[in-house]
Every structure is written in structure tokens, then in C-alpha cells.
$ cat start-v1.tsv   # TSV, C-alpha atoms
chain	number	residue	atom	x	y	z
A	287	MET	CA	0.90	-24.26	-26.15
A	288	ASN	CA	3.40	-23.42	-28.85
A	289	GLU	CA	0.75	-23.22	-31.55
A	290	PHE	CA	-1.54	-21.23	-29.31
A	291	LEU	CA	1.18	-18.67	-28.55
A	292	THR	CA	2.12	-18.21	-32.20
A	293	SER	CA	-1.49	-17.82	-33.32
A	294	LEU	CA	-2.41	-15.52	-30.41
A	295	PRO	CA	-1.50	-12.26	-32.25
A	296	LEU	CA	-3.64	-13.31	-35.22
A	297	ILE	CA	-6.58	-14.17	-32.94
A	298	ILE	CA	-6.31	-10.78	-31.17
A	299	PHE	CA	-5.95	-8.94	-34.49
A	300	VAL	CA	-8.98	-10.66	-36.05
A	301	ILE	CA	-11.12	-9.98	-32.96
A	302	PHE	CA	-10.03	-6.34	-33.11
A	303	LEU	CA	-10.83	-6.11	-36.83
A	304	ILE	CA	-14.29	-7.58	-36.32
A	305	SER	CA	-15.20	-5.15	-33.51
A	306	TYR	CA	-13.66	-2.27	-35.44
A	307	SER	CA	-15.64	-3.15	-38.58
A	308	ILE	CA	-18.88	-3.33	-36.58
A	309	ASN	CA	-18.22	0.18	-35.24
A	310	ALA	CA	-17.39	1.40	-38.73
A	311	LEU	CA	-20.62	-0.12	-40.04
A	312	PHE	CA	-22.56	1.90	-37.47
A	313	VAL	CA	-20.92	5.08	-38.78
A	314	VAL	CA	-21.82	4.20	-42.38
A	315	TYR	CA	-25.36	3.26	-41.31
A	316	HIS	CA	-25.84	6.62	-39.61
A	317	LEU	CA	-24.49	8.52	-42.58
A	318	LEU	CA	-26.75	6.70	-45.03
A	319	LYS	CA	-29.87	6.58	-42.87
A	320	PHE	CA	-29.87	10.02	-41.27
A	321	GLY	CA	-27.88	12.04	-43.80
A	322	LEU	CA	-30.10	14.57	-45.49
A	323	ASP	CA	-28.04	15.47	-48.53
A	324	TYR	CA	-25.54	14.05	-51.01
A	325	LYS	CA	-22.57	15.09	-48.84
A	326	THR	CA	-23.27	12.40	-46.25
A	327	LYS	CA	-23.63	9.75	-48.98
A	328	VAL	CA	-20.29	10.81	-50.48
A	329	LEU	CA	-18.76	10.73	-47.00
A	330	ALA	CA	-20.08	7.20	-46.44
A	331	ILE	CA	-18.55	6.01	-49.74
A	332	ILE	CA	-15.15	7.64	-49.01
A	333	PHE	CA	-15.17	6.29	-45.45
A	334	SER	CA	-16.03	2.71	-46.36
A	335	SER	CA	-13.66	2.49	-49.34
A	336	GLY	CA	-10.80	4.06	-47.35
A	337	LEU	CA	-11.55	1.74	-44.49
A	338	ALA	CA	-11.55	-1.37	-46.69
A	339	LEU	CA	-8.19	-0.29	-48.13
A	340	LEU	CA	-6.72	0.40	-44.67
A	341	ILE	CA	-7.93	-2.95	-43.30
A	342	PHE	CA	-6.41	-4.72	-46.32
A	343	ILE	CA	-3.07	-2.89	-45.88
A	344	ASN	CA	-3.10	-3.59	-42.14
A	345	TYR	CA	-3.74	-7.26	-42.69
A	346	GLN	CA	-0.95	-7.49	-45.28
A	347	LEU	CA	1.49	-5.74	-42.96
A	348	PHE	CA	0.37	-7.85	-40.04
A	349	SER	CA	0.99	-11.09	-41.93
A	350	LYS	CA	4.50	-9.93	-42.89
A	351	ILE	CA	5.60	-9.82	-39.25
A	352	GLN	CA	7.29	-12.90	-37.79
A	353	TRP	CA	5.35	-12.92	-34.55
A	354	THR	CA	7.08	-16.05	-33.24
A	355	GLU	CA	10.36	-14.14	-33.27
A	356	PHE	CA	8.87	-11.42	-31.07
A	357	ILE	CA	7.19	-13.87	-28.75
A	358	TYR	CA	10.34	-15.90	-28.13
A	359	GLU	CA	13.00	-13.22	-28.29
A	360	TYR	CA	11.31	-10.13	-26.90
A	361	LEU	CA	9.26	-11.80	-24.21
A	362	SER	CA	12.27	-13.96	-23.25
A	363	LEU	CA	10.25	-17.18	-23.35
A	364	PRO	CA	12.15	-20.44	-23.45
A	365	LYS	CA	12.07	-21.97	-26.93
A	366	ILE	CA	10.99	-25.28	-25.44
A	367	LEU	CA	7.45	-23.87	-25.28
B	299	MET	CA	-38.95	16.42	-53.48
B	300	ASN	CA	-38.60	15.91	-49.71
B	301	ILE	CA	-35.42	17.20	-48.15
B	302	PHE	CA	-36.12	15.57	-44.77
B	303	PRO	CA	-38.32	12.54	-44.01
B	304	SER	CA	-41.19	14.23	-42.13
B	305	GLN	CA	-41.54	17.10	-44.61
B	306	LYS	CA	-45.16	17.84	-45.51
B	307	SER	CA	-46.21	18.30	-49.11
B	308	TYR	CA	-47.22	21.95	-48.50
B	309	GLU	CA	-44.02	22.76	-46.62
B	310	LYS	CA	-41.12	24.59	-48.25
B	311	VAL	CA	-37.58	24.43	-46.83
B	312	GLU	CA	-36.26	27.98	-46.50
B	313	LEU	CA	-32.99	27.36	-44.63
B	314	PHE	CA	-30.87	24.25	-44.29
B	315	LEU	CA	-28.07	24.96	-41.85
B	316	ARG	CA	-25.00	23.27	-40.50
B	317	ARG	CA	-22.14	24.65	-38.47
B	318	HIS	CA	-19.74	27.06	-40.19
B	319	TRP	CA	-17.04	25.62	-42.46
B	320	LEU	CA	-14.38	26.82	-39.98
B	321	ILE	CA	-15.50	24.07	-37.57
B	322	LEU	CA	-14.97	21.56	-40.37
B	323	PHE	CA	-11.57	23.13	-41.02
B	324	PHE	CA	-10.63	22.65	-37.34
B	325	ILE	CA	-11.66	18.99	-37.52
B	326	TYR	CA	-9.44	18.46	-40.58
B	327	LEU	CA	-6.63	20.45	-38.98
B	328	GLY	CA	-6.77	18.32	-35.83
B	329	PHE	CA	-6.58	15.13	-37.83
B	330	GLY	CA	-3.85	16.58	-40.04
B	331	ILE	CA	-1.81	17.22	-36.89
B	332	LEU	CA	-2.48	13.66	-35.67
B	333	THR	CA	-1.31	12.30	-39.05
B	334	LEU	CA	1.87	14.39	-38.88
B	335	LEU	CA	2.45	13.16	-35.32
B	336	GLY	CA	2.23	9.56	-36.49
B	337	LEU	CA	4.60	10.17	-39.40
B	338	SER	CA	7.08	12.08	-37.26
B	339	GLY	CA	6.91	9.33	-34.64
B	340	PHE	CA	7.83	6.83	-37.33
B	341	TYR	CA	10.63	9.11	-38.56
B	342	LEU	CA	12.04	9.52	-35.04
B	343	ALA	CA	11.82	5.77	-34.44
B	344	SER	CA	13.80	5.16	-37.62
B	345	LYS	CA	16.41	7.73	-36.44
B	346	PHE	CA	16.87	6.36	-32.94
B	347	PHE	CA	16.41	2.64	-33.51
B	348	ILE	CA	17.76	0.40	-36.18
B	349	LEU	CA	14.65	-0.46	-38.09
B	350	LYS	CA	15.20	-3.36	-40.39
B	351	GLY	CA	13.77	-6.80	-40.98
B	352	ASN	CA	11.07	-7.77	-38.53
B	353	ASN	CA	11.43	-4.54	-36.54
B	354	LEU	CA	10.76	-2.46	-39.62
B	355	ASN	CA	7.73	-4.58	-40.46
B	356	LEU	CA	6.40	-4.05	-36.95
B	357	ALA	CA	7.00	-0.27	-37.08
B	358	VAL	CA	5.22	0.05	-40.44
B	359	PHE	CA	2.34	-2.07	-39.14
B	360	LEU	CA	2.00	0.08	-36.01
B	361	LEU	CA	1.94	3.22	-38.16
B	362	SER	CA	-0.74	1.78	-40.40
B	363	PHE	CA	-2.69	0.60	-37.33
B	364	TYR	CA	-2.53	4.14	-35.98
B	365	PHE	CA	-3.94	5.45	-39.28
B	366	LEU	CA	-6.79	2.97	-39.02
B	367	PHE	CA	-7.80	4.60	-35.73
B	368	ILE	CA	-7.38	8.11	-37.10
B	369	TRP	CA	-9.56	7.24	-40.10
B	370	TYR	CA	-12.35	5.96	-37.85
B	371	PHE	CA	-12.31	8.91	-35.45
B	372	LEU	CA	-12.12	11.42	-38.31
B	373	PHE	CA	-15.27	10.02	-39.86
B	374	LYS	CA	-17.03	9.65	-36.53
B	375	THR	CA	-16.37	13.37	-35.93
B	376	LEU	CA	-17.49	14.21	-39.48
B	377	THR	CA	-20.67	12.18	-38.92
B	378	ASP	CA	-21.42	14.33	-35.87
B	379	PHE	CA	-20.75	17.45	-37.92
B	380	TYR	CA	-22.89	16.50	-40.90
B	381	LEU	CA	-25.80	15.07	-38.91
B	382	ASP	CA	-26.20	18.18	-36.74
B	383	THR	CA	-28.60	20.22	-38.84
B	384	TRP	CA	-31.12	22.99	-38.44
B	385	ILE	CA	-33.95	23.18	-40.90
B	386	VAL	CA	-36.23	26.17	-41.20
B	387	THR	CA	-39.35	25.71	-43.29
B	388	ASP	CA	-42.22	28.12	-43.89
B	389	HIS	CA	-44.14	26.33	-41.10
B	390	ARG	CA	-41.66	25.12	-38.49
B	391	ILE	CA	-38.08	24.83	-37.27
B	392	LEU	CA	-36.33	21.51	-36.79
B	393	ASP	CA	-33.26	21.09	-34.63
B	394	ILE	CA	-31.55	17.75	-35.34
B	395	HIS	CA	-28.72	17.05	-32.96
B	396	GLN	CA	-26.52	13.97	-33.19
B	397	LEU	CA	-24.75	13.11	-29.93
B	398	GLY	CA	-22.30	10.30	-30.58
B	399	LEU	CA	-23.57	7.34	-32.55
B	400	PHE	CA	-26.59	6.28	-30.58
B	401	LYS	CA	-28.13	9.47	-29.28
B	402	ARG	CA	-30.12	11.69	-31.56
B	403	ASN	CA	-32.35	14.60	-30.51
B	404	ILE	CA	-34.91	16.01	-32.90
B	405	SER	CA	-36.83	19.04	-31.66
B	406	GLU	CA	-39.53	20.80	-33.60
B	407	LEU	CA	-41.00	24.24	-33.19
B	408	ARG	CA	-43.96	25.77	-34.98
B	409	LEU	CA	-43.17	29.25	-36.23
B	410	SER	CA	-46.12	30.66	-34.28
B	411	LYS	CA	-44.39	29.67	-31.02
B	412	ILE	CA	-41.43	31.98	-31.60
B	413	GLN	CA	-41.19	34.74	-29.02
B	414	ASP	CA	-37.80	36.26	-29.52
B	415	VAL	CA	-34.71	35.71	-31.70
B	416	THR	CA	-31.23	36.66	-30.49
B	417	VAL	CA	-27.92	36.56	-32.33
B	418	GLU	CA	-24.60	36.13	-30.55
B	419	ILE	CA	-21.32	36.71	-32.37
B	420	LYS	CA	-18.45	36.25	-29.96
B	421	GLY	CA	-14.71	36.41	-30.66
B	422	ILE	CA	-12.38	37.58	-33.43
B	423	LEU	CA	-12.87	34.62	-35.76
B	424	SER	CA	-16.66	34.76	-35.48
B	425	THR	CA	-16.64	38.47	-36.25
B	426	PHE	CA	-14.36	38.23	-39.28
B	427	LEU	CA	-15.79	35.02	-40.70
B	428	ASN	CA	-19.38	35.98	-39.91
B	429	TYR	CA	-20.63	33.04	-37.91
B	430	GLY	CA	-22.34	32.83	-34.54
B	431	THR	CA	-25.18	31.48	-32.48
B	432	VAL	CA	-28.85	32.18	-33.09
B	433	MET	CA	-31.05	31.70	-30.03
B	434	ILE	CA	-34.80	31.41	-30.42
B	435	GLN	CA	-36.93	31.90	-27.32
B	436	THR	CA	-40.10	29.89	-27.60
B	437	ALA	CA	-43.49	29.56	-26.01
B	438	GLY	CA	-43.31	25.82	-26.47
B	439	GLU	CA	-42.09	22.94	-24.32
B	440	ILE	CA	-38.43	23.62	-25.09
B	441	PRO	CA	-37.77	27.18	-23.88
B	442	GLU	CA	-34.90	27.87	-26.25
B	443	PHE	CA	-33.76	26.67	-29.65
B	444	THR	CA	-30.10	27.25	-30.39
B	445	PHE	CA	-28.42	27.23	-33.79
B	446	GLU	CA	-24.77	26.86	-32.87
B	447	GLN	CA	-21.93	28.36	-34.92
B	448	VAL	CA	-24.04	28.86	-38.02
B	449	PRO	CA	-22.86	31.02	-40.91
B	450	ARG	CA	-24.44	34.49	-41.45
B	451	PRO	CA	-26.41	34.50	-38.15
B	452	GLN	CA	-27.88	37.96	-38.73
B	453	GLN	CA	-29.40	36.93	-42.07
B	454	VAL	CA	-30.68	33.73	-40.44
B	455	LYS	CA	-32.38	35.78	-37.74
B	456	ASP	CA	-33.93	38.15	-40.31
B	457	LYS	CA	-35.18	35.24	-42.37
B	458	ILE	CA	-36.75	33.54	-39.32
B	459	LEU	CA	-38.53	36.74	-38.31
B	460	GLN	CA	-39.71	37.29	-41.88
B	461	LEU	CA	-41.05	33.72	-42.01
B	462	TYR	CA	-42.71	34.23	-38.65
B	463	ASP	CA	-44.55	37.35	-39.90
B	464	GLN	CA	-45.55	35.56	-43.06
B	465	PHE	CA	-46.80	32.54	-41.10
B	466	ILE	CA	-48.83	34.66	-38.70
B	467	LYS	CA	-50.46	36.49	-41.63
B	468	GLN	CA	-51.35	33.26	-43.37
B	469	HIS	CA	-52.47	31.39	-40.23
B	470	PRO	CA	-54.47	33.83	-38.09
B	471	GLY	CA	-55.71	30.96	-35.90
B	472	ASP	CA	-52.20	30.30	-34.74
B	473	GLU	CA	-51.77	33.98	-33.98
B	474	GLU	CA	-54.60	33.83	-31.42
B	475	ILE	CA	-53.06	30.77	-29.79
B	476	HIS	CA	-49.74	32.58	-29.73
B	477	GLU	CA	-51.28	35.59	-28.00
B	478	LEU	CA	-52.85	33.40	-25.31
$ encode --input "start-v1.tsv" --output "C-alpha cells"
Amino acid sequence: MNEFLTSLPLIIFVIFLISYSINALFVVYHLLKFGLDYKTKVLAIIFSSGLALLIFINYQLFSKIQWTEFIYEYLSLPKIL
Amino acid sequence: MNIFPSQKSYEKVELFLRRHWLILFFIYLGFGILTLLGLSGFYLASKFFILKGNNLNLAVFLLSFYFLFIWYFLFKTLTDFYLDTWIVTDHRILDIHQLGLFKRNISELRLSKIQDVTVEIKGILSTFLNYGTVMIQTAGEIPEFTFEQVPRPQQVKDKILQLYDQFIKQHPGDEEIHEL
């Protein structure tokens, strides 16, 4: 239970990142497949590189947070869990 | 070189249109405002709450998470903007309309089917920045083709009518069909 609770934020975050990345891939796919000029290709490159950077930053910031502290202190759960 | 996939070898692209740059400016402005909102939210949070240690980490993460969403929606909107195009060739008109990610309408009109072309410039911004809507009445399946918020609508209309005349002269067979 304890391990599950502490890893829950990471599980949620990873699931979110996967679904977000799939959506982002659809955007890139549309830009590359249906774009008729160089502007859409440039847009796809900017979007995907910016996205990769943002996901990396988000993951770094996410891993810095002590989630156990929040779970126990802010949700007022007994530490025995 | 083909500009669009179904372009014929004998076909020449005369106009390649997207919405006016002001629409793009509004998109960027909207997202600029959203970015400022996020930053000011973070600033206010740091003013009213003591942000240090784990709390600060959480606040920075939430801000960056917010930017992740903004980034996605900005590019989704830009995709809509850039994939909505109107192509006028010396033989036909193509109206490519992207609706969200998974709906895409492509309508085609032979120049001989044109019946009437109307220009609508409405509002102060449209008048000063010279953009508006060009409506093409057709004799085809789709009764009206609309070029929305395109730059220089009057010139677009003149060009379409000029291409129509040219097409009718070069393809007299189509003219007869048109008259029927």
C-alpha cells in the first residue's frame, strides 16, 4: 500500500505523458502529411523539439518533488500506511 | 514541381491562399496572454504563499505543466490555421478545410462552374488591413465556395474572374456545359 501510494503520482504522470505524446504525434503527422509548403514542416520541427524539451523539463521538475511528503502531510494520511 | 498532391502536369497554381496574418497575430496574442497569466499566477503565488523547498518545486512543476498544455494547444491551433488553404489553379479551385485533427474537407470546383463571385469586407480592421471573404456561387454540387478572411479579397476576385474568362476561351466545350 505504502509503495503503491508513493509511486501513484509517477504512474499518473507517465500515463499522462504517453497520452499527451500520442496527441502531439498526431499534430506532427498532420503537419508533415497535409502541409503544402515549407512553413508547416518548420512548424512541425519547432513543435516537436519544443515539446521534447518541455517534456524533459517537466520530468526533471516532477522527479524533484518529494511526493511522499505531500501524500502524508497534505492528505493527512497516517504514516503507518 | 507539384504544390499539392493531386495537381495535374498541365495545371498551374495561380493563387495559394490562407487566412490573413492578423488571424495568426490573434492566435499568438491569445497564447501570449495565457503565458502571461501563468507567469503572473506564479508570481502571485510566490507573493501570497511561502514558496520554498518542496512547495517551490511543486509550484515550478505546475507552471511548467501549464506551459506544456499551452504549447500543445498553440500548435494545434496553428495546425488548423496552416492546413486551411484555398488553391486556385488555371483549371479549378480547391478548398481544403481542416476541422480539428481528424476531420478534413476537400472541395473542388472546375472554373467553368463559377456563376458569381462576391467580396465581403466587414469591419474596421478588415477595411484597413484589406482582408475579407470571397464567396463563389457555383453551378456544382456545393452551391457556394467561401474563402474566409483572405488577404486582398478584391484582387482575388479579379484574378478568379480573369482565370474563368481565360478557361472558357480555352475550353469551349466546358462553356456549352456551363450554359446548359
$ interface_residues --input "start-v1.tsv" --of "chain A" --to "chain B" --cutoff "7 Å" --atoms "all atoms listed in the file" --output "list in words"
Ala310, Val313, Leu317, Phe320, Gly321, Leu322, Thr326, Phe333, Leu340, Asn344, Leu347, Phe348, Lys350, Ile351 and Gln352 of chain A
$ atom_distance --input "start-v1.tsv" --atom1 "atom CA of B:Lys310" --atom2 "atom CA of B:His389"
8.0 Å
$ closest_residue --input "start-v1.tsv" --among "A:Tyr306, A:Tyr324, A:Trp353, A:Tyr358" --to "A:Ala338" --atoms "only C-alpha atoms"
A:Tyr306
$ atom_distance --input "start-v1.tsv" --atom1 "atom CA of B:Phe329" --atom2 "atom CA of B:Ile368"
7.1 Å
$ residues_around --input "start-v1.tsv" --residues "stretch 435-443 of chain B" --least-positions-apart "3" --cutoff "7 Å" --atoms "all atoms listed in the file" --output "VMD selection string"
chain B and resid 411 to 415
$ residues_around --input "start-v1.tsv" --residues "B:Gln464" --least-positions-apart "5" --cutoff "9 Å" --atoms "only C-alpha atoms" --output "MDAnalysis selection string"
chainID B and resid 388 459 469
$ atom_distance --input "start-v1.tsv" --atom1 "atom CA of B:Leu315" --atom2 "atom CA of B:Trp384"
5.0 Å
$ closest_residue --input "start-v1.tsv" --among "B:Ala343, B:Ile419, B:Leu313, B:Leu461" --to "B:Asp393" --atoms "only C-alpha atoms"
B:Leu313
$ residues_around --input "start-v1.tsv" --residues "A:Leu303" --least-positions-apart "4" --cutoff "10 Å" --atoms "only C-alpha atoms" --output "ChimeraX atom specification"
/A:297-299,307-309,341,344-345
